[in-house]
Amino acid sequence: MSNQPLIKVEGLRKLYPIDGGVFRKPSSFNHAVDGLNFEIGHGESLGLVGESGCGKSTTGKMLVKLFEPSDGSVKLQVGDSYINVSNIDRNSRKDFRRNVQMIFQDPYESMNPRMTIFDIVGEPLAVQDIGTISEREERVAEFLEMVGLTPASSFMFRYPHELSGGQRQRVAIARALVIEPAFVVADEPTSMLDVSIRTGVMKLMQDLAERLNVTYLYITHDLAVARYMCDRIAVMYLGKIVEIGPTEELLSNPRHPYTKALLSAVPIPDPRIKRDAVQIEGGISKAIDPQPQCRFYARCPIRDEHCKTHDHPPLEVKGNGMQVACYKVPVE
Amino acid sequence: MSTENVIEVKNLTMEYSTRKGNVSAVDNVSFSIKRGQALGLVGESGCGKTSIAKSLLKLLPDNAMIQQGQIVLNGKDMVPLPEEEMRKHRWSEISMVFQAAMNAFNPVYTVGDQIIEAIETHLPDVSEKDARVKIENLFRMVGLAPEMVDRYPHEYSGGMRQRAVIAMALSCDPDIIIADEPTTALDVIVQDSILKEITTLQDRLNMSMVYISHDVAVIAEVSDRVGVMYAGRMVELADTEEIFIRPIHPYTYALMQSFPSVTGPKRELVALPGEPPDLLHPPKGCRFHPRCPNRIEKCDQEQPEWKDYGDNHFCACWNPMEIN
Ligand SMILES: Nc1ncnc2c1ncn2[C@@H]1O[C@H](COP(=O)(O)OP(=O)(O)O)[C@@H](O)[C@H]1O
Ligand SMILES: Nc1ncnc2c1ncn2[C@@H]1O[C@H](COP(=O)(O)OP(=O)(O)O)[C@@H](O)[C@H]1O
Ligand code: SF4
Ligand code: SF4
Ligand SMILES: [Mg+2]
Ligand SMILES: [Mg+2]
């Protein structure tokens, strides 16, 4: 392990053109991801939370190179140096593929229905040209056992539709981890699963991360799930990280008005506790050609003239390891 | 809350016939709801929640059969009623808010016209002008601008559409409303405002409600009483605080142990082994026995009895959790 981060994200942006087309230059852009800066340490799990449309999946996909950024960079440490993910040469491409994997929300959609479980889980090994067929078989069996699909022999040659949702997500996890990647982006991996099954899958992902020293970017809209899965949490609002810091500190002492609103809206599974009223105005929209002002301005319960006339506030250290993007949150 | 029961469900048993055999979706479920009371039905997907909702409204698909039981609404059993009779009770006595709010409205008519039609059908004495005033008031009540009455469904966001569906459900002054996962597809902040709206209105209009959700935390917030479903059966029924503080059934207990919370001390989450059964072939005896940590000998042979534990707390289990 090294003291340097595994992942370094700098000025990451993704703008989706709104109109235009083949012949016309688009004149309008959705700023889906707009200038993200963060790092993820080796073996760390960083949570990315926020309401739908805030840019979580787009960020995750840029980190695994499924999408190209409009601007900025993602760097991955391999050995002693960093490779620039969006500017990879041929040699680094293989290192990159070997080290980075993604788990999706709906395992069914990410699996070829005509492939057997063995083919699905073994595919990354085949692509990387790792081992002979029988070695691969052994390794796939080992990983199926590891994710709790036992005995492996009874799953190897079945098809995705023959498994339950929980079992399919276990297959997706085995597939992502079979080449022992350093970094995995998990995009809402448990949000389609029922509670009694979800907890098992969450625990499995934690155990394996520890055993195989995997680093996660864990995307979820569910703060309660993030509490259990993440060492640190980044809260996104319309393409911006508005607050980032250690999980328990962020949840017990939120500083940004949006984090506060989001947290106070989460129902509590204890009828004796009454939540505070949620302090937020209006509804969520999209950041289409946003004004040079705080992205949260229109909905903020504590906004003032300064927020209106100044550009979006920078993420700054405010205290206790928390970085917050808000003019009105004092430095402690 | 009064002592009068708006609805009494007795031994409701319902199956779907399929090519592979019969699916035992609701098995011998009983509960009653008083005026102004909210019953939460909680359980994982496939445990029969929507089947109960559709039975109560008698909006079942053709392959569904109510095998047994009564659904007594305001003193009258709905089960034997033919569709044209049932229609008189729907909306005006019992109405619903379903999850698929996207499809609740016809895209080619304004939302207002569709609600007016519902009112005219079910409350023939109300004039169109009065219906319109009524809708505008309802829209204000659910937090929609009255101008939205004349807009088309596509002009509504997800949260607004769900509010309009609630307004429609209330339009004929029902005694009871069935809400089946009405906020499941929504983000938390929108969910919060819809939940507030529903509970405030329910209180203000002294309406009864069945609130269905897989989300233990939502159920904790909206319900006066909670019924826990597992594999087509109700396994436990009690007042909300009681069931959260003193769960008796091992499944209820496990459900609460596996549910994460953002507040309070960070408890260790406990996972349940296995998965719910296929209701084409439900397990013999207690349907939870293949996953149950408390299982004893007779659990896989004999169906546990529905037992009264006092304080209006009922549970079906041969070897319940320690009660202290
Ligand atoms: N492939 C795409 N093309 C155009 N716009 C997109 C695409 N994917 C996402 N968006 C838009 O980008 C924004 C962020 O979306 P997304 O990253 O999916 O957010 P999240 O995962 O947080 O729900 C949204 O406004 C969404 O509509
Ligand atoms: N139209 C149908 N035909 C056959 N089986 C059905 C039908 N609708 C639901 N089921 C089955 O009935 C059981 C209960 O389903 P449902 O009431 O939808 O549960 P829930 O709402 O709790 O998820 C499940 O096993 C489901 O697969
Ligand atoms: S900068 Fe101003 S508008 Fe933005 S979150 Fe802070 S107080 Fe609200
Ligand atoms: S009846 Fe037996 S198997 Fe069923 S919940 Fe009770 S102890 Fe468990
Ligand atoms: Mg997403
Ligand atoms: Mg349902």
# chains A, B, ... in the order shown; residues from 1 in each chain; ligands from 1
>>> residues_around(residues="Met168 (chain B)", least_positions_apart="3", cutoff="9 Å", atoms="only C-alpha atoms", output="PyMOL selection string")
chain B and resi 91+95-97+114-116+118-119+135+138+163-165+171-172
>>> interface_residues(of="chain A", to="chain B", cutoff="7 Å", atoms="only C-alpha atoms", output="count of residues only")
22
>>> closest_residue(among="B:Met321, B:Ile52, B:Ala167, B:Ile194", to="ligand 2", atoms="only C-alpha atoms and all ligand atoms")
B:Ile52
>>> select_by_dssp(residues="region 143-309 of chain A", states="strand (DSSP E or B)", output="list in words")
Phe183, Val184, Val185, Ala186, Asp187, Thr215, Tyr216, Leu217, Tyr218, Ile219, Arg232, Ile233, Ala234, Val235, Met236, Tyr237, Lys240, Ile241, Val242, Glu243, Ile244, Gly245, Pro246 and Ile288 of chain A
>>> write_last_selection(atoms="N, CA, C and O atoms", output="CSV table (one decimal), in the first residue's frame")
chain,number,residue,atom,x,y,z
A,183,PHE,N,-9.6,-1.2,-8.3
A,183,PHE,CA,-10.7,-0.2,-8.2
A,183,PHE,C,-12.0,-0.7,-8.8
A,183,PHE,O,-12.0,-1.1,-10.0
A,184,VAL,N,-13.1,-0.5,-8.1
A,184,VAL,CA,-14.4,-0.9,-8.6
A,184,VAL,C,-15.4,0.2,-8.4
A,184,VAL,O,-15.5,0.8,-7.3
A,185,VAL,N,-16.1,0.6,-9.5
A,185,VAL,CA,-17.2,1.6,-9.3
A,185,VAL,C,-18.5,0.7,-9.2
A,185,VAL,O,-18.8,-0.1,-10.1
A,186,ALA,N,-19.2,0.9,-8.1
A,186,ALA,CA,-20.4,0.2,-7.9
A,186,ALA,C,-21.6,1.2,-8.0
A,186,ALA,O,-21.7,2.0,-7.1
A,187,ASP,N,-22.4,1.1,-9.0
A,187,ASP,CA,-23.5,2.1,-9.2
A,187,ASP,C,-24.8,1.5,-8.7
A,187,ASP,O,-25.4,0.7,-9.4
A,215,THR,N,-10.6,-1.0,-3.8
A,215,THR,CA,-11.1,0.4,-3.5
A,215,THR,C,-12.4,0.6,-4.2
A,215,THR,O,-12.5,0.2,-5.4
A,216,TYR,N,-13.4,1.2,-3.5
A,216,TYR,CA,-14.7,1.4,-4.2
A,216,TYR,C,-15.0,2.9,-4.4
A,216,TYR,O,-14.8,3.7,-3.5
A,217,LEU,N,-15.7,3.2,-5.5
A,217,LEU,CA,-16.5,4.4,-5.5
A,217,LEU,C,-17.9,3.8,-5.5
A,217,LEU,O,-18.3,3.0,-6.4
A,218,TYR,N,-18.6,4.0,-4.4
A,218,TYR,CA,-19.9,3.4,-4.1
A,218,TYR,C,-21.0,4.4,-4.3
A,218,TYR,O,-21.2,5.4,-3.6
A,219,ILE,N,-21.7,4.3,-5.4
A,219,ILE,CA,-22.8,5.2,-5.8
A,219,ILE,C,-24.1,4.8,-5.2
A,219,ILE,O,-24.5,3.6,-5.4
A,232,ARG,N,-15.9,7.5,3.5
A,232,ARG,CA,-16.2,8.9,3.3
A,232,ARG,C,-17.3,9.0,2.4
A,232,ARG,O,-17.6,8.1,1.6
A,233,ILE,N,-18.0,10.2,2.5
A,233,ILE,CA,-19.2,10.4,1.6
A,233,ILE,C,-19.0,11.7,0.9
A,233,ILE,O,-18.6,12.7,1.5
A,234,ALA,N,-19.3,11.8,-0.4
A,234,ALA,CA,-19.4,13.0,-1.2
A,234,ALA,C,-20.8,13.2,-1.6
A,234,ALA,O,-21.4,12.3,-2.2
A,235,VAL,N,-21.4,14.4,-1.2
A,235,VAL,CA,-22.8,14.7,-1.6
A,235,VAL,C,-22.8,15.6,-2.9
A,235,VAL,O,-22.1,16.6,-2.9
A,236,MET,N,-23.5,15.1,-3.9
A,236,MET,CA,-23.5,15.9,-5.1
A,236,MET,C,-24.9,16.6,-5.3
A,236,MET,O,-25.9,16.1,-4.9
A,237,TYR,N,-24.8,17.8,-5.8
A,237,TYR,CA,-26.0,18.5,-6.2
A,237,TYR,C,-25.8,19.1,-7.6
A,237,TYR,O,-24.9,19.9,-7.8
A,240,LYS,N,-22.2,19.2,-9.0
A,240,LYS,CA,-21.1,19.7,-8.1
A,240,LYS,C,-21.1,18.9,-6.8
A,240,LYS,O,-22.1,18.4,-6.3
A,241,ILE,N,-19.9,18.7,-6.2
A,241,ILE,CA,-19.8,18.1,-4.9
A,241,ILE,C,-20.0,19.3,-3.9
A,241,ILE,O,-19.3,20.3,-4.0
A,242,VAL,N,-21.0,19.2,-3.1
A,242,VAL,CA,-21.3,20.3,-2.2
A,242,VAL,C,-20.7,20.1,-0.8
A,242,VAL,O,-20.5,21.0,0.0
A,243,GLU,N,-20.4,18.8,-0.5
A,243,GLU,CA,-19.8,18.5,0.8
A,243,GLU,C,-19.2,17.1,0.7
A,243,GLU,O,-19.7,16.2,0.1
A,244,ILE,N,-18.0,17.0,1.3
A,244,ILE,CA,-17.3,15.7,1.3
A,244,ILE,C,-16.5,15.6,2.6
A,244,ILE,O,-16.0,16.5,3.1
A,245,GLY,N,-16.6,14.3,3.2
A,245,GLY,CA,-15.9,14.1,4.4
A,245,GLY,C,-16.2,12.8,5.0
A,245,GLY,O,-16.9,12.0,4.5
A,246,PRO,N,-15.6,12.5,6.2
A,246,PRO,CA,-15.8,11.2,6.9
A,246,PRO,C,-17.2,10.9,7.2
A,246,PRO,O,-18.0,11.8,7.6
A,288,ILE,N,-28.8,23.4,-16.8
A,288,ILE,CA,-28.6,23.8,-18.2
A,288,ILE,C,-28.1,25.2,-18.3
A,288,ILE,O,-28.8,26.1,-17.8
>>> select_by_dssp(residues="region 142-322 of chain B", states="alpha helix (DSSP H)", output="PyMOL selection string")
chain B and resi 158-170+188-204+216-222+240-245+250-257
>>> write_last_selection(atoms="C-alpha atoms", output="PDB file, in the first residue's frame")
ATOM      1  CA  GLY B 158     -43.026  12.637 -11.172  1.00  0.00           C
ATOM      2  CA  GLY B 159     -43.736  14.155  -7.774  1.00  0.00           C
ATOM      3  CA  MET B 160     -46.504  16.420  -9.125  1.00  0.00           C
ATOM      4  CA  ARG B 161     -48.176  13.505 -10.871  1.00  0.00           C
ATOM      5  CA  GLN B 162     -48.187  11.538  -7.650  1.00  0.00           C
ATOM      6  CA  ARG B 163     -49.852  14.520  -5.938  1.00  0.00           C
ATOM      7  CA  ALA B 164     -52.477  14.653  -8.688  1.00  0.00           C
ATOM      8  CA  VAL B 165     -53.145  10.949  -8.204  1.00  0.00           C
ATOM      9  CA  ILE B 166     -53.681  11.602  -4.511  1.00  0.00           C
ATOM     10  CA  ALA B 167     -56.073  14.461  -5.333  1.00  0.00           C
ATOM     11  CA  MET B 168     -57.991  12.114  -7.642  1.00  0.00           C
ATOM     12  CA  ALA B 169     -58.132   9.419  -4.961  1.00  0.00           C
ATOM     13  CA  LEU B 170     -59.650  11.935  -2.556  1.00  0.00           C
ATOM     14  CA  VAL B 188     -36.249  11.233  -0.691  1.00  0.00           C
ATOM     15  CA  ILE B 189     -36.994  14.936  -0.644  1.00  0.00           C
ATOM     16  CA  VAL B 190     -40.026  14.490  -2.885  1.00  0.00           C
ATOM     17  CA  GLN B 191     -41.004  11.389  -0.952  1.00  0.00           C
ATOM     18  CA  ASP B 192     -40.884  13.367   2.258  1.00  0.00           C
ATOM     19  CA  SER B 193     -43.274  16.019   0.982  1.00  0.00           C
ATOM     20  CA  ILE B 194     -45.710  13.419  -0.402  1.00  0.00           C
ATOM     21  CA  LEU B 195     -45.658  11.469   2.865  1.00  0.00           C
ATOM     22  CA  LYS B 196     -46.375  14.666   4.785  1.00  0.00           C
ATOM     23  CA  GLU B 197     -49.242  15.455   2.423  1.00  0.00           C
ATOM     24  CA  ILE B 198     -50.783  12.009   2.731  1.00  0.00           C
ATOM     25  CA  THR B 199     -50.561  11.817   6.514  1.00  0.00           C
ATOM     26  CA  THR B 200     -51.830  15.380   7.016  1.00  0.00           C
ATOM     27  CA  LEU B 201     -54.812  14.843   4.725  1.00  0.00           C
ATOM     28  CA  GLN B 202     -55.604  11.468   6.210  1.00  0.00           C
ATOM     29  CA  ASP B 203     -55.657  13.060   9.633  1.00  0.00           C
ATOM     30  CA  ARG B 204     -57.613  16.116   8.598  1.00  0.00           C
ATOM     31  CA  VAL B 216     -39.630  -0.352   7.104  1.00  0.00           C
ATOM     32  CA  ALA B 217     -38.758   3.294   7.843  1.00  0.00           C
ATOM     33  CA  VAL B 218     -41.615   4.715   5.755  1.00  0.00           C
ATOM     34  CA  ILE B 219     -44.017   2.309   7.458  1.00  0.00           C
ATOM     35  CA  ALA B 220     -42.722   3.425  10.873  1.00  0.00           C
ATOM     36  CA  GLU B 221     -43.575   7.018   9.985  1.00  0.00           C
ATOM     37  CA  VAL B 222     -47.017   6.728   8.415  1.00  0.00           C
ATOM     38  CA  THR B 240     -46.646   0.663  15.399  1.00  0.00           C
ATOM     39  CA  GLU B 241     -44.602   1.491  18.502  1.00  0.00           C
ATOM     40  CA  GLU B 242     -45.378  -1.885  19.990  1.00  0.00           C
ATOM     41  CA  ILE B 243     -44.167  -3.854  16.960  1.00  0.00           C
ATOM     42  CA  PHE B 244     -40.992  -1.785  16.579  1.00  0.00           C
ATOM     43  CA  ILE B 245     -40.115  -2.040  20.252  1.00  0.00           C
ATOM     44  CA  PRO B 250     -38.479 -13.923  13.971  1.00  0.00           C
ATOM     45  CA  TYR B 251     -39.045 -12.489  10.488  1.00  0.00           C
ATOM     46  CA  THR B 252     -40.213  -9.115  11.838  1.00  0.00           C
ATOM     47  CA  TYR B 253     -37.209  -9.114  14.130  1.00  0.00           C
ATOM     48  CA  ALA B 254     -34.825  -9.947  11.259  1.00  0.00           C
ATOM     49  CA  LEU B 255     -36.382  -7.305   9.024  1.00  0.00           C
ATOM     50  CA  MET B 256     -35.724  -4.643  11.636  1.00  0.00           C
ATOM     51  CA  GLN B 257     -32.210  -5.893  12.350  1.00  0.00           C
TER      52      GLN B 257
END
>>> residues_near_ligand(ligand="ligand 1", cutoff="12 Å", atoms="only C-alpha atoms and all ligand atoms", output="JSON, numbers by chain")
{"A": [13, 14, 15, 16, 17, 18, 19, 29, 30, 31, 32, 33, 34, 48, 49, 50, 51, 52, 53, 54, 55, 56, 57, 58, 59, 60, 61, 62, 66, 67, 68, 104, 105, 186, 187, 188, 218, 219, 220, 221, 222, 235, 236, 237, 238, 239, 240, 241, 284, 285, 286, 287, 288, 289], "B": [186, 187]}
>>> atom_distance(atom1="atom 4 (Fe, counted along the ligand's line) of ligand 3", atom2="CA of Pro254 (chain A)")
14.5 Å
